[in-house]
$ cat target_11.cif   # mmCIF, C-alpha atoms
data_input
loop_
_atom_site.label_atom_id
_atom_site.label_comp_id
_atom_site.auth_asym_id
_atom_site.auth_seq_id
_atom_site.Cartn_x
_atom_site.Cartn_y
_atom_site.Cartn_z
CA MET C 23 44.01 36.93 -87.05
CA LYS C 24 43.67 33.50 -88.60
CA PHE C 25 40.37 31.69 -88.10
CA SER C 26 42.20 28.82 -86.39
CA GLU C 27 43.64 31.29 -83.86
CA ILE C 28 40.15 32.57 -83.06
CA VAL C 29 38.88 29.04 -82.50
CA GLN C 30 41.85 28.32 -80.26
CA LYS C 31 41.26 31.46 -78.16
CA LEU C 32 37.56 30.61 -77.85
CA ALA C 33 38.22 26.98 -76.97
CA ILE C 34 37.41 27.51 -73.30
CA HIS C 35 33.85 28.41 -74.33
CA LEU C 36 33.42 25.49 -76.78
CA PRO C 37 32.44 21.84 -76.30
CA ASP C 38 35.32 19.44 -75.62
CA SER C 39 35.36 18.22 -79.23
CA PRO C 40 34.00 21.19 -81.18
CA ALA C 41 32.68 20.86 -84.71
CA VAL C 42 34.86 23.12 -86.88
CA SER C 43 35.33 23.66 -90.60
CA ARG C 44 38.56 25.62 -91.09
CA GLY C 45 38.73 25.52 -94.88
CA ASP C 46 41.94 27.26 -95.98
CA ASP C 47 42.14 29.05 -92.60
CA PRO C 48 41.34 32.57 -93.83
CA GLU C 49 42.38 35.80 -92.18
CA ILE C 50 39.62 37.35 -90.06
CA THR C 51 39.81 41.12 -89.66
CA GLY C 52 36.73 41.87 -87.56
CA VAL C 53 33.22 40.99 -86.46
CA ALA C 54 29.88 42.08 -87.89
CA ALA C 55 26.17 41.37 -87.99
CA VAL C 56 25.39 38.70 -90.56
CA ASP C 57 23.45 41.16 -92.76
CA GLU C 58 26.27 43.71 -92.68
CA ALA C 59 29.28 41.42 -92.89
CA THR C 60 31.99 41.99 -95.48
CA PRO C 61 34.79 39.67 -96.62
CA GLY C 62 37.08 39.04 -93.66
CA SER C 63 34.25 39.30 -91.13
CA LEU C 64 33.18 36.81 -88.49
CA SER C 65 29.46 36.67 -87.78
CA TYR C 66 26.92 34.23 -86.32
CA ILE C 67 23.61 32.50 -87.03
CA GLU C 68 21.51 31.89 -83.95
CA GLY C 69 19.08 29.28 -85.27
CA GLY C 70 17.23 27.70 -88.17
CA LYS C 71 14.92 30.68 -88.75
CA PHE C 72 17.96 32.63 -89.95
CA ALA C 73 19.08 29.93 -92.39
CA ASP C 74 18.36 32.11 -95.41
CA ARG C 75 21.06 34.56 -94.28
CA ILE C 76 23.77 31.98 -94.99
CA ALA C 77 22.96 32.13 -98.70
CA VAL C 78 23.50 35.89 -98.93
CA THR C 79 25.99 36.89 -96.24
CA ALA C 80 29.42 38.11 -97.27
CA ALA C 81 30.96 36.88 -94.01
CA THR C 82 34.11 34.80 -94.31
CA ALA C 83 33.44 32.89 -91.09
CA LEU C 84 30.34 32.01 -89.08
CA ILE C 85 29.51 30.79 -85.61
CA LEU C 86 26.70 28.26 -86.10
CA PRO C 87 24.33 26.24 -83.91
CA MET C 88 24.62 22.46 -83.64
CA ASN C 89 22.66 22.04 -86.87
CA PRO C 90 24.22 19.83 -89.59
CA GLN C 91 22.01 21.35 -92.29
CA LEU C 92 23.20 24.90 -91.55
CA GLN C 93 26.76 23.71 -91.32
CA GLN C 94 26.49 22.07 -94.75
CA GLN C 95 25.01 25.26 -96.22
CA ALA C 96 27.98 27.25 -94.95
CA SER C 97 30.48 24.71 -96.26
CA ASP C 98 28.81 24.69 -99.68
CA ARG C 99 29.41 28.45 -99.89
CA GLY C 100 33.03 28.13 -98.79
CA ILE C 101 32.38 29.80 -95.44
CA VAL C 102 34.46 28.48 -92.56
CA TRP C 103 32.55 27.86 -89.34
CA VAL C 104 32.58 26.67 -85.76
CA ALA C 105 29.50 25.20 -84.08
CA THR C 106 28.31 25.70 -80.52
CA PRO C 107 25.05 25.23 -78.59
CA GLU C 108 24.97 29.01 -77.91
CA PRO C 109 26.17 30.94 -81.00
CA ARG C 110 25.24 34.39 -79.70
CA LEU C 111 27.13 33.83 -76.46
CA LEU C 112 30.24 32.67 -78.32
CA PHE C 113 29.97 35.69 -80.63
CA ALA C 114 29.97 37.93 -77.55
CA HIS C 115 33.28 36.36 -76.51
CA ALA C 116 34.60 36.73 -80.06
CA ILE C 117 33.92 40.49 -80.10
CA ALA C 118 36.29 40.87 -77.15
CA LEU C 119 39.11 39.49 -79.32
CA PHE C 120 38.80 42.50 -81.64
CA TYR C 121 37.64 45.29 -79.35
CA GLN C 122 38.37 46.46 -75.81
CA PRO C 123 36.68 49.53 -74.29
CA PHE C 124 38.81 52.64 -73.84
CA ARG C 125 40.59 52.67 -70.51
CA LEU C 126 42.64 55.45 -68.97
CA PRO C 127 46.30 54.72 -68.25
CA ALA C 128 47.18 54.35 -64.57
CA GLY C 129 47.91 57.60 -62.79
CA ILE C 130 46.22 60.74 -61.50
CA HIS C 131 45.43 63.57 -63.92
CA PRO C 132 46.90 66.89 -62.70
CA THR C 133 43.44 68.52 -62.63
CA ALA C 134 41.93 65.83 -60.38
CA SER C 135 41.22 66.64 -56.72
CA VAL C 136 42.08 63.75 -54.40
CA HIS C 137 41.70 64.30 -50.66
CA PRO C 138 44.83 63.39 -48.66
CA ASP C 139 42.79 61.01 -46.50
CA ALA C 140 41.52 59.02 -49.48
CA THR C 141 43.03 55.55 -49.93
CA LEU C 142 44.09 54.48 -53.42
CA GLY C 143 45.14 50.98 -54.45
CA GLU C 144 47.62 50.00 -57.11
CA ASN C 145 47.25 50.73 -60.82
CA VAL C 146 44.37 53.19 -60.28
CA ALA C 147 43.50 55.56 -63.15
CA ILE C 148 41.94 58.93 -62.29
CA GLY C 149 40.89 61.24 -65.11
CA ALA C 150 40.58 64.98 -65.53
CA PHE C 151 38.56 67.01 -63.00
CA VAL C 152 37.68 64.00 -60.87
CA SER C 153 36.76 64.89 -57.29
CA ILE C 154 37.53 62.33 -54.56
CA ALA C 155 36.50 63.31 -51.05
CA GLN C 156 37.72 62.46 -47.56
CA GLY C 157 37.63 58.83 -46.48
CA VAL C 158 37.10 57.34 -49.93
CA LYS C 159 38.64 53.89 -50.42
CA ILE C 160 39.56 52.80 -53.93
CA ALA C 161 40.87 49.28 -54.58
CA ASN C 162 43.40 48.11 -57.18
CA ASN C 163 42.88 48.54 -60.94
CA VAL C 164 39.94 50.94 -60.64
CA CYS C 165 39.40 53.30 -63.59
CA ILE C 166 37.69 56.65 -62.94
CA HIS C 167 36.97 58.73 -66.03
CA ALA C 168 36.73 62.53 -66.24
CA ASN C 169 34.40 64.62 -64.08
CA VAL C 170 33.39 61.85 -61.68
CA ALA C 171 32.50 62.93 -58.14
CA LEU C 172 32.99 60.61 -55.15
CA TYR C 173 31.49 61.86 -51.87
CA PRO C 174 33.00 60.99 -48.46
CA ASP C 175 32.73 57.43 -47.14
CA VAL C 176 32.59 55.71 -50.53
CA GLU C 177 34.27 52.38 -51.26
CA ILE C 178 35.04 51.17 -54.79
CA GLY C 179 35.98 47.53 -55.40
CA GLU C 180 38.80 46.15 -57.48
CA GLY C 181 38.59 46.54 -61.26
CA THR C 182 35.47 48.71 -61.23
CA VAL C 183 35.04 51.36 -63.93
CA LEU C 184 33.32 54.69 -63.29
CA HIS C 185 32.48 56.55 -66.50
CA SER C 186 32.44 60.27 -67.03
CA HIS C 187 30.05 62.47 -65.02
CA CYS C 188 28.70 59.74 -62.74
CA THR C 189 28.23 60.70 -59.10
CA ILE C 190 28.73 58.37 -56.13
CA HIS C 191 27.18 59.71 -52.92
CA GLU C 192 28.23 59.04 -49.34
CA ARG C 193 27.68 55.65 -47.71
CA THR C 194 27.95 53.80 -51.01
CA ARG C 195 29.75 50.47 -51.38
CA ILE C 196 30.50 49.31 -54.92
CA GLY C 197 31.91 45.81 -55.39
CA LYS C 198 34.49 44.29 -57.70
CA GLY C 199 34.26 44.46 -61.48
CA CYS C 200 31.30 46.84 -61.58
CA THR C 201 30.64 49.37 -64.35
CA ILE C 202 28.85 52.65 -63.69
CA HIS C 203 28.06 54.47 -66.93
CA ALA C 204 28.00 58.18 -67.69
CA GLY C 205 25.61 60.34 -65.72
CA ALA C 206 24.47 57.63 -63.30
CA VAL C 207 23.89 58.65 -59.69
CA ILE C 208 24.48 56.03 -57.00
CA GLY C 209 23.50 56.53 -53.36
CA SER C 210 21.58 59.78 -53.74
CA GLU C 211 19.00 60.68 -51.09
CA GLY C 212 15.82 58.65 -51.19
CA PHE C 213 12.52 60.47 -51.59
CA GLY C 214 11.65 60.52 -47.89
CA PHE C 215 9.22 63.09 -46.49
CA VAL C 216 6.81 62.82 -43.55
CA PRO C 217 3.53 64.77 -43.56
CA SER C 218 2.88 67.11 -40.64
CA ARG C 219 0.45 69.92 -39.85
CA ALA C 220 3.11 72.38 -40.94
CA GLY C 221 3.78 70.56 -44.24
CA TRP C 222 6.25 67.97 -45.40
CA VAL C 223 9.16 67.21 -43.07
CA LYS C 224 12.33 65.81 -44.60
CA MET C 225 13.46 62.43 -43.28
CA GLU C 226 17.24 62.29 -43.52
CA GLN C 227 18.49 59.35 -45.54
CA SER C 228 21.19 57.84 -43.32
CA GLY C 229 21.30 54.35 -44.86
CA TYR C 230 23.72 52.69 -47.26
CA THR C 231 23.72 51.78 -50.93
CA VAL C 232 25.44 48.50 -51.79
CA LEU C 233 26.26 47.20 -55.26
CA GLU C 234 27.63 43.67 -55.17
CA ASP C 235 30.27 42.38 -57.60
CA ARG C 236 29.88 42.76 -61.40
CA VAL C 237 26.83 45.01 -61.27
CA GLU C 238 26.42 47.30 -64.29
CA VAL C 239 24.43 50.54 -64.15
CA GLY C 240 23.44 52.36 -67.36
CA CYS C 241 23.63 56.02 -68.27
CA ASN C 242 21.54 58.47 -66.21
CA SER C 243 20.12 55.80 -63.92
CA ASN C 244 19.58 56.51 -60.22
CA ILE C 245 19.86 54.24 -57.19
CA ASP C 246 18.75 55.91 -53.95
CA ARG C 247 19.90 55.28 -50.41
CA PRO C 248 17.29 54.76 -47.65
CA ALA C 249 16.58 56.52 -44.37
CA VAL C 250 17.90 53.47 -42.51
CA GLY C 251 19.20 50.07 -43.58
CA GLU C 252 20.37 49.65 -47.15
CA THR C 253 19.47 49.60 -50.79
CA ARG C 254 21.15 46.51 -52.26
CA ILE C 255 21.76 45.40 -55.84
CA GLY C 256 22.73 41.73 -56.15
CA GLU C 257 25.74 40.24 -57.88
CA ASN C 258 25.87 40.33 -61.70
CA THR C 259 22.66 42.35 -62.06
CA LYS C 260 22.51 44.55 -65.17
CA ILE C 261 20.63 47.86 -65.14
CA ASP C 262 19.91 49.74 -68.37
CA ASN C 263 19.78 53.50 -68.97
CA LEU C 264 17.22 55.80 -67.28
CA VAL C 265 16.24 53.37 -64.53
CA GLN C 266 15.02 54.61 -61.13
CA ILE C 267 15.56 52.39 -58.09
CA GLY C 268 13.99 53.82 -54.95
CA HIS C 269 15.29 53.84 -51.40
CA GLY C 270 15.45 50.53 -49.58
CA CYS C 271 14.94 48.35 -52.65
CA LYS C 272 16.49 44.88 -52.66
CA ILE C 273 17.39 43.36 -56.04
CA GLY C 274 18.68 39.80 -56.27
CA LYS C 275 21.44 38.25 -58.36
CA ASN C 276 21.54 38.07 -62.17
CA CYS C 277 18.57 40.36 -62.71
CA VAL C 278 18.08 42.48 -65.85
CA LEU C 279 16.22 45.82 -65.78
CA ALA C 280 15.60 47.43 -69.17
CA ALA C 281 15.39 51.16 -69.84
CA GLN C 282 12.95 53.36 -67.90
CA VAL C 283 12.08 50.73 -65.30
CA GLY C 284 10.97 52.29 -62.03
CA LEU C 285 11.06 50.62 -58.60
CA ALA C 286 9.32 52.42 -55.76
CA GLY C 287 10.84 52.39 -52.31
CA GLY C 288 11.13 49.06 -50.55
CA ALA C 289 10.40 46.91 -53.62
CA LYS C 290 12.10 43.51 -53.61
CA LEU C 291 13.16 41.47 -56.63
CA GLY C 292 14.34 37.87 -56.33
CA ASN C 293 17.16 36.34 -58.37
CA ASN C 294 17.08 36.11 -62.18
CA VAL C 295 14.20 38.58 -62.59
CA ILE C 296 13.77 40.25 -66.02
CA LEU C 297 11.86 43.53 -66.27
CA GLY C 298 11.15 44.90 -69.75
CA GLY C 299 11.24 48.58 -70.66
CA GLN C 300 9.06 50.97 -68.61
CA VAL C 301 7.97 48.34 -66.10
CA GLY C 302 6.84 49.90 -62.82
CA VAL C 303 6.94 48.14 -59.44
CA ASN C 304 4.91 49.50 -56.52
CA ASN C 305 6.42 50.21 -53.12
CA GLN C 306 6.91 47.24 -50.76
CA VAL C 307 5.98 44.75 -53.52
CA THR C 308 7.89 41.46 -53.73
CA VAL C 309 8.68 39.94 -57.13
CA GLY C 310 9.74 36.28 -56.93
CA ASP C 311 12.73 34.51 -58.45
CA GLY C 312 12.71 34.11 -62.22
CA VAL C 313 9.77 36.42 -62.90
CA ILE C 314 9.56 38.01 -66.36
CA ALA C 315 7.53 41.20 -66.84
CA SER C 316 6.96 42.42 -70.39
CA ALA C 317 7.33 46.08 -71.35
CA LYS C 318 5.08 48.65 -69.61
CA THR C 319 3.80 46.16 -67.05
CA GLY C 320 2.54 47.74 -63.83
CA ILE C 321 3.28 45.47 -60.87
CA THR C 322 1.04 46.58 -57.99
CA SER C 323 1.06 43.44 -55.84
CA ASP C 324 3.35 40.50 -55.11
CA VAL C 325 4.25 38.21 -58.02
CA PRO C 326 5.03 34.52 -57.33
CA PRO C 327 8.31 32.95 -58.51
CA GLY C 328 8.50 31.92 -62.16
CA ALA C 329 5.49 33.95 -63.33
CA ILE C 330 5.37 35.77 -66.66
CA VAL C 331 3.23 38.89 -66.34
CA SER C 332 2.01 41.74 -68.54
CA GLY C 333 -0.39 44.67 -68.51
CA PHE C 334 -1.57 47.11 -65.87
CA PRO C 335 -2.26 45.96 -63.29
CA ALA C 336 -0.06 42.94 -63.98
CA ILE C 337 -1.83 39.71 -64.90
CA PRO C 338 -0.52 36.41 -66.31
CA ASN C 339 0.90 36.98 -69.78
CA LYS C 340 -1.38 34.44 -71.51
CA GLN C 341 -4.44 36.07 -70.01
CA TRP C 342 -3.17 39.51 -71.06
CA LEU C 343 -2.68 38.34 -74.67
CA LYS C 344 -6.31 37.17 -74.78
CA THR C 345 -7.42 40.48 -73.30
CA VAL C 346 -5.54 42.44 -75.96
CA VAL C 347 -7.16 40.42 -78.74
CA LEU C 348 -10.58 41.05 -77.24
CA SER C 349 -10.00 44.78 -76.70
CA ASN C 350 -8.95 45.16 -80.34
CA ARG C 351 -12.29 43.67 -81.35
CA LEU C 352 -14.40 45.93 -79.13
CA PRO C 353 -15.49 48.28 -81.98
CA GLU C 354 -16.58 45.26 -84.02
CA ILE C 355 -18.41 43.74 -81.04
CA TYR C 356 -20.11 47.07 -80.30
CA GLN C 357 -21.37 47.38 -83.88
CA SER C 358 -22.66 43.81 -83.77
CA LEU C 359 -24.56 44.54 -80.56
CA LYS C 360 -26.12 47.66 -82.06
CA GLN C 361 -27.19 45.68 -85.13
CA LEU C 362 -28.69 42.96 -82.92
CA GLN C 363 -30.55 45.61 -80.94
CA ARG C 364 -32.08 47.01 -84.14
CA LEU C 365 -33.18 43.55 -85.24
CA LEU C 366 -34.82 42.86 -81.89
CA GLY C 367 -36.66 46.15 -81.99
CA PRO C 368 -37.39 48.54 -79.13
CA LYS C 369 -37.81 47.25 -75.59
CA PRO C 370 -41.47 46.66 -74.61
CA ASN C 371 -42.99 49.11 -72.11
#
$ encode --input "target_11.cif" --output "structure tokens"
Amino acid sequence: MKFSEIVQKLAIHLPDSPAVSRGDDPEITGVAAVDEATPGSLSYIEGGKFADRIAVTAATALILPMNPQLQQQASDRGIVWVATPEPRLLFAHAIALFYQPFRLPAGIHPTASVHPDATLGENVAIGAFVSIAQGVKIANNVCIHANVALYPDVEIGEGTVLHSHCTIHERTRIGKGCTIHAGAVIGSEGFGFVPSRAGWVKMEQSGYTVLEDRVEVGCNSNIDRPAVGETRIGENTKIDNLVQIGHGCKIGKNCVLAAQVGLAGGAKLGNNVILGGQVGVNNQVTVGDGVIASAKTGITSDVPPGAIVSGFPAIPNKQWLKTVVLSNRLPEIYQSLKQLQRLLGPKPN
């Protein structure tokens, strides 16, 4: 594909009058990281701190920030380029020009088990050994890969993709354009037990699990349904691998949960919340809009909107950074105190 064709196809994501250096309009054969690029590759530079990469990259074309100095460096090396305020975002769109994920062709594999009462839309793809139970409703253009199990009373929205070995339990509603990755379990029973004199009594989990449009759930993550009411994941939220979301949780729109995050039952996240890897959120805790929690943060009480928190229990990030510096100096401080004690001599009787 010619570089000019790429720019044309990406035009919808570029400023109205984009800055472009087409050179002799070379052929672009693929995309690559700037350090791994070979001739024919398109790559990107996100900002000035990566300026030194321009001098050594073998990329034929670059996506650059709105930085005349970087643009001149690329031109001096004969590298064609296009500039945008968000190079990484444009590169994400560029990858899609060269790669599309594997998708099954429409149709039902002969080994799949589809209940006669299930409802299937148009252009649905159902892979080998899929099990679709009574009352399931599947919209148009859904792709279900091998070994997926759909329990009764499940609804799957248009264009959603269910990857191999994921399991969708009863009373689950999955919206349009969602992606559920391999091994994920959606709508499984919440961990609900009531203590009694005779021991723990199981509380049946009769609620619903709802994933709004364009939610993505990573491999081997679990989202539980509650005893009553619903567990709800907001539109365009992205959930990494190995994440546990307890029964009755409410997660807002455009949130990001990194690997091994755990939300106890009834936790609530606002919109645009970012939780780093291994963050834990206590039951019934509310995390406000726009909160960022760094990796391994333990959130045990409500967090106000816009806060950046770290540590266990969670405290403001700037305070946590000071605490870390101090804790690293504790051996030094201890030795200084011992030396001071020796200089002062023994305590008087």
$ closest_residue --input "target_11.cif" --among "C:Ser210, C:Ser228, C:Thr106, C:Asn89" --to "Gln266 in chain C" --atoms "only C-alpha atoms"
C:Ser210
$ residues_around --input "target_11.cif" --residues "Ile267 in chain C" --least-positions-apart "5" --cutoff "9 Å" --atoms "all atoms listed in the file" --output "list in words"
Ser243, Asn244, Ile245, Asp246, Thr253, Val283, Gly284, Leu285, Ala286, Gly287 and Ala289 of chain C
$ residues_around --input "target_11.cif" --residues "Phe213 in chain C" --least-positions-apart "5" --cutoff "10 Å" --atoms "all atoms listed in the file" --output "NGL selection string"
:C and (224-227 or 246-249 or 268-269 or 286-287)
$ resolve_selection --input "target_11.cif" --expression "the PyMOL selection byres ((chain C and resi 296) around 9)" --output "VMD selection string"
chain C and resid 276 to 280 294 to 295 297 to 298 312 to 316
$ write_last_selection --input "target_11.cif" --atoms "C-alpha atoms" --output "PDB file, keeping the file's coordinate frame"
ATOM      1  CA  ASN C 276      21.540  38.070 -62.170  1.00  0.00           C
ATOM      2  CA  CYS C 277      18.570  40.360 -62.710  1.00  0.00           C
ATOM      3  CA  VAL C 278      18.080  42.480 -65.850  1.00  0.00           C
ATOM      4  CA  LEU C 279      16.220  45.820 -65.780  1.00  0.00           C
ATOM      5  CA  ALA C 280      15.600  47.430 -69.170  1.00  0.00           C
ATOM      6  CA  ASN C 294      17.080  36.110 -62.180  1.00  0.00           C
ATOM      7  CA  VAL C 295      14.200  38.580 -62.590  1.00  0.00           C
ATOM      8  CA  LEU C 297      11.860  43.530 -66.270  1.00  0.00           C
ATOM      9  CA  GLY C 298      11.150  44.900 -69.750  1.00  0.00           C
ATOM     10  CA  GLY C 312      12.710  34.110 -62.220  1.00  0.00           C
ATOM     11  CA  VAL C 313       9.770  36.420 -62.900  1.00  0.00           C
ATOM     12  CA  ILE C 314       9.560  38.010 -66.360  1.00  0.00           C
ATOM     13  CA  ALA C 315       7.530  41.200 -66.840  1.00  0.00           C
ATOM     14  CA  SER C 316       6.960  42.420 -70.390  1.00  0.00           C
TER      15      SER C 316
END
$ resolve_selection --input "target_11.cif" --expression "the PyMOL selection byres ((chain C and resi 149-154) around 12)" --output "mmCIF file with C-alpha atoms, in the coordinates of the input"
data_model
loop_
_atom_site.group_PDB
_atom_site.id
_atom_site.type_symbol
_atom_site.label_atom_id
_atom_site.label_comp_id
_atom_site.auth_asym_id
_atom_site.auth_seq_id
_atom_site.Cartn_x
_atom_site.Cartn_y
_atom_site.Cartn_z
ATOM 1 C CA ARG C 125 40.590 52.670 -70.510
ATOM 2 C CA LEU C 126 42.640 55.450 -68.970
ATOM 3 C CA PRO C 127 46.300 54.720 -68.250
ATOM 4 C CA ALA C 128 47.180 54.350 -64.570
ATOM 5 C CA GLY C 129 47.910 57.600 -62.790
ATOM 6 C CA ILE C 130 46.220 60.740 -61.500
ATOM 7 C CA HIS C 131 45.430 63.570 -63.920
ATOM 8 C CA PRO C 132 46.900 66.890 -62.700
ATOM 9 C CA THR C 133 43.440 68.520 -62.630
ATOM 10 C CA ALA C 134 41.930 65.830 -60.380
ATOM 11 C CA SER C 135 41.220 66.640 -56.720
ATOM 12 C CA VAL C 136 42.080 63.750 -54.400
ATOM 13 C CA HIS C 137 41.700 64.300 -50.660
ATOM 14 C CA PRO C 138 44.830 63.390 -48.660
ATOM 15 C CA ASP C 139 42.790 61.010 -46.500
ATOM 16 C CA ALA C 140 41.520 59.020 -49.480
ATOM 17 C CA THR C 141 43.030 55.550 -49.930
ATOM 18 C CA LEU C 142 44.090 54.480 -53.420
ATOM 19 C CA VAL C 146 44.370 53.190 -60.280
ATOM 20 C CA ALA C 147 43.500 55.560 -63.150
ATOM 21 C CA ILE C 148 41.940 58.930 -62.290
ATOM 22 C CA ALA C 155 36.500 63.310 -51.050
ATOM 23 C CA GLN C 156 37.720 62.460 -47.560
ATOM 24 C CA GLY C 157 37.630 58.830 -46.480
ATOM 25 C CA VAL C 158 37.100 57.340 -49.930
ATOM 26 C CA LYS C 159 38.640 53.890 -50.420
ATOM 27 C CA ILE C 160 39.560 52.800 -53.930
ATOM 28 C CA VAL C 164 39.940 50.940 -60.640
ATOM 29 C CA CYS C 165 39.400 53.300 -63.590
ATOM 30 C CA ILE C 166 37.690 56.650 -62.940
ATOM 31 C CA HIS C 167 36.970 58.730 -66.030
ATOM 32 C CA ALA C 168 36.730 62.530 -66.240
ATOM 33 C CA ASN C 169 34.400 64.620 -64.080
ATOM 34 C CA VAL C 170 33.390 61.850 -61.680
ATOM 35 C CA ALA C 171 32.500 62.930 -58.140
ATOM 36 C CA LEU C 172 32.990 60.610 -55.150
ATOM 37 C CA TYR C 173 31.490 61.860 -51.870
ATOM 38 C CA PRO C 174 33.000 60.990 -48.460
ATOM 39 C CA ASP C 175 32.730 57.430 -47.140
ATOM 40 C CA VAL C 176 32.590 55.710 -50.530
ATOM 41 C CA GLU C 177 34.270 52.380 -51.260
ATOM 42 C CA ILE C 178 35.040 51.170 -54.790
ATOM 43 C CA VAL C 183 35.040 51.360 -63.930
ATOM 44 C CA LEU C 184 33.320 54.690 -63.290
ATOM 45 C CA HIS C 185 32.480 56.550 -66.500
ATOM 46 C CA SER C 186 32.440 60.270 -67.030
ATOM 47 C CA HIS C 187 30.050 62.470 -65.020
ATOM 48 C CA CYS C 188 28.700 59.740 -62.740
ATOM 49 C CA THR C 189 28.230 60.700 -59.100
ATOM 50 C CA ILE C 190 28.730 58.370 -56.130
ATOM 51 C CA HIS C 191 27.180 59.710 -52.920
ATOM 52 C CA GLU C 192 28.230 59.040 -49.340
#
$ atom_distance --input "target_11.cif" --atom1 "CA of Thr79 in chain C" --atom2 "CA of Asp47 in chain C"
18.3 Å
$ atom_distance --input "target_11.cif" --atom1 "CA of Gly251 in chain C" --atom2 "CA of Gly274 in chain C"
16.3 Å
$ residues_around --input "target_11.cif" --residues "Leu64 in chain C" --least-positions-apart "3" --cutoff "7 Å" --atoms "only C-alpha atoms" --output "NGL selection string"
:C and (50 or 52-54 or 81-84)
$ atom_distance --input "target_11.cif" --atom1 "CA of Gly310 in chain C" --atom2 "CA of Val239 in chain C"
21.7 Å
$ axis_aligned_box --input "target_11.cif" --around "range 340-352 of chain C" --padding-each-side "4 Å" --output "JSON"
{"center_x": -7.9, "center_y": 40.2, "center_z": -75.7, "size_x": 21.0, "size_y": 19.5, "size_z": 19.3}
$ closest_residue --input "target_11.cif" --among "C:Gln357, C:Thr308, C:Asn350, C:Asn163" --to "Asn145 in chain C" --atoms "only C-alpha atoms"
C:Asn163
$ closest_residue --input "target_11.cif" --among "C:His203, C:Lys369, C:Arg219, C:Arg75" --to "Asp57 in chain C" --atoms "all atoms listed in the file"
C:Arg75
$ resolve_selection --input "target_11.cif" --expression "the PyMOL selection byres ((chain C and resi 120) around 12)" --output "MDAnalysis selection string"
chainID C and resid 23 28 31 50:54 63:64 113:119 121:123
